[in-house]
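Down below is the structure, laid out as structure tokens.
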Amino acid sequence: MVCEKDPLVQKVCELYEQISSLESLKPCKDVNMLFTQLVVTCMPPNPIDVTNLCKSIQDIRCKLIRLCGEAEGHLESHFSTILGSYDNPLHHLNIFPYYSNYLKLSQLEFNILTKHCSNLPTKVAFVGSGPLPLTSIVLASFHLTTTSFHNYDIDPSANSMALQLVSSDPDLSQRMFFHTSDIMDITNDLKDYDVVFLAALVGMDKETKVRFIDHLAEYMAPGALLMLRSAHGARAFLYPVVDPCDLRGFEVLSIFHPTDEVINSVVIARKIPITKQCSVEYPLAPTKLPNKCFDIEMFNPLNHVNLLEELDIEEQLS
């Protein structure tokens, strides 16, 4: 069992103590410095398995993920406000310090998406879009240029800020929509989407995350794709982990673990048709991953090569 003696765990716990003692997590010199140190500590590939952490460290990890989520929300609100002050906010997205990461992550997600669908989606939902919906904006601007994006967030102020960013753009203002709703209250409308993205911080503990996934499994259209963000190794101190067993009612297609500055892993799964879910062969459970695990290199058109670990499912349901 991994415990406090592990150097990585010691460093993470030290940073947690400093972060948790801050009066505010809004962007400032101390907040920026501590979270940068945390990300730098957790970024290098590390074989640590967070499921083997002792209870006291598990508790710290859960609290740290919530602190990261709160700080990320403040950071996005801060820069969304700045961007909203420009006449053309989308022309200045590069002032956001992690914009390049979003470019790489969106490119990665687009590559994964196109690998598993024959036609580009016409209608996409993004759950947990926040005040700075960079994934939707980047995908709509550079990759899915005819797709409509329906962004869901429970916070009306976040949606108001996000709308301000795209309202002056003649293209995106016609293709990006913002809904102030709890996704758990959205039922039949979920059947309209070819792809649903679930943000990393929607459900910051395992039980809540699984509840959201189960809801999507109940109401998404059969054959529709679900894309989730997860975490691997030490990066699981920053974001929740989505395991294949959490995806009941879905066929897990691939899991990618980047090893560069893109922090989130990417999981893609397909909603299993009801007829298969109810059969003996395909119970209401995630399709079991075969023993196939290998490293690949994926070329990124942004002049970047990512080394990825892929768990890939063959078309065994065909």
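Chain labels A, B, ... are given in the sequence in which chains occur in the structure tokens; within each chain residues are numbered consecutively from 1, and ligands are likewise numbered from 1 in the order shown.
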
Legend entry - Spatial neighbours of segment 127-137 of chain A, max dist 9 Å, only C-alpha atoms, sep filter under 4 positions, as a ChimeraX atom specification: /A:73,76-77,79-81,90,93,99,102-103,105-106,141-142,149-155,157-163,165-166,172,176,178,183,196-202

Legend entry - Coordinates-based distance that separates atom CA of Ile65 of chain A from atom CA of His232 of chain A (Å, one decimal):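 The value is 13.6 Å.
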
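For the pair atom CA of Glu70 of chain A and atom CA of Phe237 of chain A, the separation is 14.3 Å.
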
Inset, instruction - Identify, on the basis of only C-alpha atoms, every residue whose closest approach to segment 9-20 of chain A does not exceed 12 Å; exclude the query and any residue fewer than 3 positions from it along the same chain; express the result as an NGL selection string. - result: :A and (1-6 or 23-26 or 30-43 or 46 or 48-50 or 52-54 or 56-68 or 70-71 or 233-238)

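The two atoms in question, atom CA of Ser100 of chain A and atom CA of Glu72 of chain A, are spaced 16.0 Å apart.
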
Excluding segment 227-230 of chain A and its own-chain neighbours fewer than 4 positions away, which residues fall within 9 Å of it when counting only C-alpha atoms? Please give them as a PDB file with all heavy atoms, in the first residue's frame.
ATOM      1  N   GLU A 109      -8.722  14.790 -28.814  1.00  0.00           N
ATOM      2  CA  GLU A 109     -10.096  14.296 -28.743  1.00  0.00           C
ATOM      3  C   GLU A 109     -10.728  14.193 -30.128  1.00  0.00           C
ATOM      4  O   GLU A 109     -11.484  13.263 -30.403  1.00  0.00           O
ATOM      5  CB  GLU A 109     -10.918  15.195 -27.817  1.00  0.00           C
ATOM      6  CG  GLU A 109     -10.519  15.040 -26.359  1.00  0.00           C
ATOM      7  CD  GLU A 109     -11.247  15.973 -25.415  1.00  0.00           C
ATOM      8  OE1 GLU A 109     -11.560  17.111 -25.813  1.00  0.00           O
ATOM      9  OE2 GLU A 109     -11.495  15.579 -24.258  1.00  0.00           O
ATOM     10  N   LEU A 113     -12.133  10.822 -31.734  1.00  0.00           N
ATOM     11  CA  LEU A 113     -13.521  10.814 -32.176  1.00  0.00           C
ATOM     12  C   LEU A 113     -13.639  10.328 -33.612  1.00  0.00           C
ATOM     13  O   LEU A 113     -14.463   9.451 -33.921  1.00  0.00           O
ATOM     14  CB  LEU A 113     -14.105  12.219 -32.036  1.00  0.00           C
ATOM     15  CG  LEU A 113     -15.566  12.413 -32.444  1.00  0.00           C
ATOM     16  CD1 LEU A 113     -16.478  11.595 -31.539  1.00  0.00           C
ATOM     17  CD2 LEU A 113     -15.940  13.893 -32.368  1.00  0.00           C
ATOM     18  N   VAL A 195     -22.801  13.026 -29.983  1.00  0.00           N
ATOM     19  CA  VAL A 195     -21.685  12.890 -29.050  1.00  0.00           C
ATOM     20  C   VAL A 195     -21.992  13.724 -27.813  1.00  0.00           C
ATOM     21  O   VAL A 195     -22.487  14.846 -27.923  1.00  0.00           O
ATOM     22  CB  VAL A 195     -20.355  13.378 -29.668  1.00  0.00           C
ATOM     23  CG1 VAL A 195     -19.198  13.189 -28.687  1.00  0.00           C
ATOM     24  CG2 VAL A 195     -20.066  12.666 -30.982  1.00  0.00           C
ATOM     25  N   VAL A 196     -21.687  13.165 -26.648  1.00  0.00           N
ATOM     26  CA  VAL A 196     -21.797  13.906 -25.390  1.00  0.00           C
ATOM     27  C   VAL A 196     -20.416  13.924 -24.741  1.00  0.00           C
ATOM     28  O   VAL A 196     -19.791  12.874 -24.567  1.00  0.00           O
ATOM     29  CB  VAL A 196     -22.817  13.265 -24.430  1.00  0.00           C
ATOM     30  CG1 VAL A 196     -22.811  13.987 -23.082  1.00  0.00           C
ATOM     31  CG2 VAL A 196     -24.225  13.297 -25.037  1.00  0.00           C
ATOM     32  N   PHE A 197     -19.936  15.124 -24.423  1.00  0.00           N
ATOM     33  CA  PHE A 197     -18.692  15.281 -23.681  1.00  0.00           C
ATOM     34  C   PHE A 197     -19.047  15.522 -22.213  1.00  0.00           C
ATOM     35  O   PHE A 197     -19.915  16.332 -21.909  1.00  0.00           O
ATOM     36  CB  PHE A 197     -17.900  16.502 -24.177  1.00  0.00           C
ATOM     37  CG  PHE A 197     -17.218  16.307 -25.502  1.00  0.00           C
ATOM     38  CD1 PHE A 197     -17.934  16.425 -26.686  1.00  0.00           C
ATOM     39  CD2 PHE A 197     -15.863  16.028 -25.571  1.00  0.00           C
ATOM     40  CE1 PHE A 197     -17.314  16.266 -27.919  1.00  0.00           C
ATOM     41  CE2 PHE A 197     -15.224  15.869 -26.797  1.00  0.00           C
ATOM     42  CZ  PHE A 197     -15.964  15.990 -27.970  1.00  0.00           C
ATOM     43  N   LEU A 198     -18.361  14.826 -21.314  1.00  0.00           N
ATOM     44  CA  LEU A 198     -18.547  15.026 -19.880  1.00  0.00           C
ATOM     45  C   LEU A 198     -17.255  15.605 -19.314  1.00  0.00           C
ATOM     46  O   LEU A 198     -16.210  14.960 -19.344  1.00  0.00           O
ATOM     47  CB  LEU A 198     -18.889  13.708 -19.180  1.00  0.00           C
ATOM     48  CG  LEU A 198     -19.243  13.805 -17.695  1.00  0.00           C
ATOM     49  CD1 LEU A 198     -20.522  14.608 -17.482  1.00  0.00           C
ATOM     50  CD2 LEU A 198     -19.406  12.403 -17.090  1.00  0.00           C
ATOM     51  N   ALA A 199     -17.336  16.839 -18.814  1.00  0.00           N
ATOM     52  CA  ALA A 199     -16.139  17.516 -18.310  1.00  0.00           C
ATOM     53  C   ALA A 199     -15.537  16.769 -17.126  1.00  0.00           C
ATOM     54  O   ALA A 199     -16.244  16.081 -16.371  1.00  0.00           O
ATOM     55  CB  ALA A 199     -16.474  18.952 -17.913  1.00  0.00           C
ATOM     56  N   ALA A 200     -14.237  16.947 -16.944  1.00  0.00           N
ATOM     57  CA  ALA A 200     -13.508  16.202 -15.908  1.00  0.00           C
ATOM     58  C   ALA A 200     -14.049  16.476 -14.515  1.00  0.00           C
ATOM     59  O   ALA A 200     -14.070  15.585 -13.662  1.00  0.00           O
ATOM     60  CB  ALA A 200     -12.025  16.549 -15.972  1.00  0.00           C
ATOM     61  N   LEU A 201     -14.488  17.712 -14.258  1.00  0.00           N
ATOM     62  CA  LEU A 201     -14.889  18.080 -12.902  1.00  0.00           C
ATOM     63  C   LEU A 201     -16.401  18.041 -12.700  1.00  0.00           C
ATOM     64  O   LEU A 201     -16.909  18.591 -11.725  1.00  0.00           O
ATOM     65  CB  LEU A 201     -14.329  19.472 -12.566  1.00  0.00           C
ATOM     66  CG  LEU A 201     -12.797  19.510 -12.487  1.00  0.00           C
ATOM     67  CD1 LEU A 201     -12.301  20.932 -12.309  1.00  0.00           C
ATOM     68  CD2 LEU A 201     -12.294  18.630 -11.340  1.00  0.00           C
ATOM     69  N   ALA A 236      -3.901  11.607 -11.096  1.00  0.00           N
ATOM     70  CA  ALA A 236      -5.152  11.338 -10.387  1.00  0.00           C
ATOM     71  C   ALA A 236      -5.241  12.101  -9.070  1.00  0.00           C
ATOM     72  O   ALA A 236      -6.275  12.050  -8.401  1.00  0.00           O
ATOM     73  CB  ALA A 236      -5.299   9.834 -10.138  1.00  0.00           C
ATOM     74  N   TYR A 239      -7.380  15.179 -10.821  1.00  0.00           N
ATOM     75  CA  TYR A 239      -8.695  14.958 -11.423  1.00  0.00           C
ATOM     76  C   TYR A 239      -9.237  13.583 -11.042  1.00  0.00           C
ATOM     77  O   TYR A 239      -8.451  12.665 -10.767  1.00  0.00           O
ATOM     78  CB  TYR A 239      -8.612  15.042 -12.948  1.00  0.00           C
ATOM     79  CG  TYR A 239      -8.367  16.436 -13.483  1.00  0.00           C
ATOM     80  CD1 TYR A 239      -7.100  16.831 -13.905  1.00  0.00           C
ATOM     81  CD2 TYR A 239      -9.403  17.361 -13.577  1.00  0.00           C
ATOM     82  CE1 TYR A 239      -6.868  18.113 -14.406  1.00  0.00           C
ATOM     83  CE2 TYR A 239      -9.185  18.640 -14.074  1.00  0.00           C
ATOM     84  CZ  TYR A 239      -7.918  19.002 -14.485  1.00  0.00           C
ATOM     85  OH  TYR A 239      -7.693  20.266 -14.970  1.00  0.00           O
ATOM     86  N   PRO A 240     -10.549  13.421 -11.070  1.00  0.00           N
ATOM     87  CA  PRO A 240     -11.131  12.108 -10.788  1.00  0.00           C
ATOM     88  C   PRO A 240     -10.757  11.091 -11.868  1.00  0.00           C
ATOM     89  O   PRO A 240     -10.498  11.461 -13.017  1.00  0.00           O
ATOM     90  CB  PRO A 240     -12.644  12.378 -10.795  1.00  0.00           C
ATOM     91  CG  PRO A 240     -12.791  13.856 -10.662  1.00  0.00           C
ATOM     92  CD  PRO A 240     -11.569  14.453 -11.297  1.00  0.00           C
ATOM     93  N   VAL A 241     -10.757   9.830 -11.483  1.00  0.00           N
ATOM     94  CA  VAL A 241     -10.475   8.730 -12.397  1.00  0.00           C
ATOM     95  C   VAL A 241     -11.784   8.071 -12.821  1.00  0.00           C
ATOM     96  O   VAL A 241     -12.645   7.796 -11.987  1.00  0.00           O
ATOM     97  CB  VAL A 241      -9.552   7.682 -11.744  1.00  0.00           C
ATOM     98  CG1 VAL A 241      -9.364   6.474 -12.660  1.00  0.00           C
ATOM     99  CG2 VAL A 241      -8.205   8.311 -11.388  1.00  0.00           C
ATOM    100  N   VAL A 242     -11.930   7.840 -14.127  1.00  0.00           N
ATOM    101  CA  VAL A 242     -13.059   7.070 -14.640  1.00  0.00           C
ATOM    102  C   VAL A 242     -12.519   5.711 -15.076  1.00  0.00           C
ATOM    103  O   VAL A 242     -11.665   5.622 -15.962  1.00  0.00           O
ATOM    104  CB  VAL A 242     -13.731   7.773 -15.832  1.00  0.00           C
ATOM    105  CG1 VAL A 242     -14.873   6.913 -16.386  1.00  0.00           C
ATOM    106  CG2 VAL A 242     -14.262   9.145 -15.417  1.00  0.00           C
ATOM    107  N   ASP A 243     -12.997   4.648 -14.434  1.00  0.00           N
ATOM    108  CA  ASP A 243     -12.586   3.294 -14.779  1.00  0.00           C
ATOM    109  C   ASP A 243     -13.589   2.685 -15.761  1.00  0.00           C
ATOM    110  O   ASP A 243     -14.770   3.062 -15.768  1.00  0.00           O
ATOM    111  CB  ASP A 243     -12.529   2.425 -13.524  1.00  0.00           C
ATOM    112  CG  ASP A 243     -11.448   2.884 -12.561  1.00  0.00           C
ATOM    113  OD1 ASP A 243     -10.307   3.079 -13.010  1.00  0.00           O
ATOM    114  OD2 ASP A 243     -11.747   3.048 -11.356  1.00  0.00           O
ATOM    115  N   HIS A 257      -3.859   7.689 -22.517  1.00  0.00           N
ATOM    116  CA  HIS A 257      -3.159   8.347 -21.422  1.00  0.00           C
ATOM    117  C   HIS A 257      -2.001   9.173 -21.975  1.00  0.00           C
ATOM    118  O   HIS A 257      -0.916   8.633 -22.211  1.00  0.00           O
ATOM    119  CB  HIS A 257      -2.613   7.318 -20.427  1.00  0.00           C
ATOM    120  CG  HIS A 257      -3.652   6.476 -19.765  1.00  0.00           C
ATOM    121  ND1 HIS A 257      -4.749   7.006 -19.123  1.00  0.00           N
ATOM    122  CD2 HIS A 257      -3.768   5.116 -19.648  1.00  0.00           C
ATOM    123  CE1 HIS A 257      -5.486   6.031 -18.617  1.00  0.00           C
ATOM    124  NE2 HIS A 257      -4.915   4.876 -18.933  1.00  0.00           N
ATOM    125  N   ILE A 263      -2.889  17.021 -19.355  1.00  0.00           N
ATOM    126  CA  ILE A 263      -3.030  16.296 -18.088  1.00  0.00           C
ATOM    127  C   ILE A 263      -4.061  15.186 -18.158  1.00  0.00           C
ATOM    128  O   ILE A 263      -3.859  14.094 -17.624  1.00  0.00           O
ATOM    129  CB  ILE A 263      -3.405  17.272 -16.950  1.00  0.00           C
ATOM    130  CG1 ILE A 263      -2.311  18.343 -16.787  1.00  0.00           C
ATOM    131  CG2 ILE A 263      -3.620  16.518 -15.639  1.00  0.00           C
ATOM    132  CD1 ILE A 263      -0.966  17.801 -16.396  1.00  0.00           C
ATOM    133  N   ASN A 264      -5.188  15.456 -18.804  1.00  0.00           N
ATOM    134  CA  ASN A 264      -6.301  14.511 -18.761  1.00  0.00           C
ATOM    135  C   ASN A 264      -6.123  13.327 -19.691  1.00  0.00           C
ATOM    136  O   ASN A 264      -5.684  13.475 -20.838  1.00  0.00           O
ATOM    137  CB  ASN A 264      -7.609  15.210 -19.123  1.00  0.00           C
ATOM    138  CG  ASN A 264      -8.070  16.181 -18.065  1.00  0.00           C
ATOM    139  OD1 ASN A 264      -8.129  17.377 -18.293  1.00  0.00           O
ATOM    140  ND2 ASN A 264      -8.413  15.673 -16.891  1.00  0.00           N
ATOM    141  N   SER A 265      -6.488  12.157 -19.205  1.00  0.00           N
ATOM    142  CA  SER A 265      -6.695  11.011 -20.079  1.00  0.00           C
ATOM    143  C   SER A 265      -8.037  11.202 -20.782  1.00  0.00           C
ATOM    144  O   SER A 265      -8.896  11.964 -20.330  1.00  0.00           O
ATOM    145  CB  SER A 265      -6.722   9.722 -19.265  1.00  0.00           C
ATOM    146  OG  SER A 265      -5.504   9.531 -18.581  1.00  0.00           O
ATOM    147  N   VAL A 266      -8.214  10.497 -21.899  1.00  0.00           N
ATOM    148  CA  VAL A 266      -9.451  10.600 -22.661  1.00  0.00           C
ATOM    149  C   VAL A 266     -10.049   9.217 -22.821  1.00  0.00           C
ATOM    150  O   VAL A 266      -9.367   8.272 -23.232  1.00  0.00           O
ATOM    151  CB  VAL A 266      -9.200  11.228 -24.050  1.00  0.00           C
ATOM    152  CG1 VAL A 266     -10.510  11.294 -24.848  1.00  0.00           C
ATOM    153  CG2 VAL A 266      -8.597  12.621 -23.911  1.00  0.00           C
ATOM    154  N   VAL A 267     -11.323   9.098 -22.477  1.00  0.00           N
ATOM    155  CA  VAL A 267     -12.056   7.842 -22.595  1.00  0.00           C
ATOM    156  C   VAL A 267     -13.182   8.048 -23.596  1.00  0.00           C
ATOM    157  O   VAL A 267     -13.896   9.053 -23.538  1.00  0.00           O
ATOM    158  CB  VAL A 267     -12.662   7.412 -21.242  1.00  0.00           C
ATOM    159  CG1 VAL A 267     -13.398   6.070 -21.373  1.00  0.00           C
ATOM    160  CG2 VAL A 267     -11.589   7.338 -20.165  1.00  0.00           C
ATOM    161  N   ILE A 268     -13.338   7.122 -24.530  1.00  0.00           N
ATOM    162  CA  ILE A 268     -14.454   7.179 -25.460  1.00  0.00           C
ATOM    163  C   ILE A 268     -15.222   5.867 -25.387  1.00  0.00           C
ATOM    164  O   ILE A 268     -14.628   4.787 -25.306  1.00  0.00           O
ATOM    165  CB  ILE A 268     -13.984   7.479 -26.901  1.00  0.00           C
ATOM    166  CG1 ILE A 268     -15.191   7.639 -27.833  1.00  0.00           C
ATOM    167  CG2 ILE A 268     -13.019   6.425 -27.416  1.00  0.00           C
ATOM    168  CD1 ILE A 268     -14.837   8.189 -29.207  1.00  0.00           C
ATOM    169  N   ALA A 269     -16.547   5.985 -25.347  1.00  0.00           N
ATOM    170  CA  ALA A 269     -17.407   4.809 -25.219  1.00  0.00           C
ATOM    171  C   ALA A 269     -18.650   5.013 -26.073  1.00  0.00           C
ATOM    172  O   ALA A 269     -19.056   6.141 -26.355  1.00  0.00           O
ATOM    173  CB  ALA A 269     -17.799   4.586 -23.762  1.00  0.00           C
ATOM    174  N   ARG A 270     -19.268   3.901 -26.473  1.00  0.00           N
ATOM    175  CA  ARG A 270     -20.482   3.954 -27.300  1.00  0.00           C
ATOM    176  C   ARG A 270     -21.663   3.385 -26.523  1.00  0.00           C
ATOM    177  O   ARG A 270     -21.548   2.349 -25.871  1.00  0.00           O
ATOM    178  CB  ARG A 270     -20.277   3.177 -28.598  1.00  0.00           C
ATOM    179  CG  ARG A 270     -21.516   3.157 -29.500  1.00  0.00           C
ATOM    180  CD  ARG A 270     -21.261   2.413 -30.797  1.00  0.00           C
ATOM    181  NE  ARG A 270     -20.447   3.201 -31.716  1.00  0.00           N
ATOM    182  CZ  ARG A 270     -19.258   2.840 -32.165  1.00  0.00           C
ATOM    183  NH1 ARG A 270     -18.720   1.695 -31.758  1.00  0.00           N
ATOM    184  NH2 ARG A 270     -18.587   3.602 -33.000  1.00  0.00           N
TER     185      ARG A 270
END

Inset, instruction - From a DSSP pass on the backbone, collect the residues of segment 48-107 of chain A flagged as alpha helix (DSSP H) and hand them back as a PyMOL selection string. - result: chain A and resi 55-84+99-107

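Here the question is which of A:Lys123, A:Leu22, A:Pro45, A:Arg211 gets nearest to Thr259 of chain A using only C-alpha atoms, and that residue is A:Pro45.
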
Legend entry - Selected residue, from A:Leu253, A:Met220, A:Leu8, A:Leu190, that lies nearest to Pro47 of chain A when counting only C-alpha atoms: A:Leu8

Legend entry - Residue nearest Asp189 of chain A among A:Phe110, A:Tyr219, A:Tyr98, A:Phe250 (counting only C-alpha atoms):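 Nearest candidate to Asp189 of chain A out of A:Phe110, A:Tyr219, A:Tyr98, A:Phe250: A:Tyr219.
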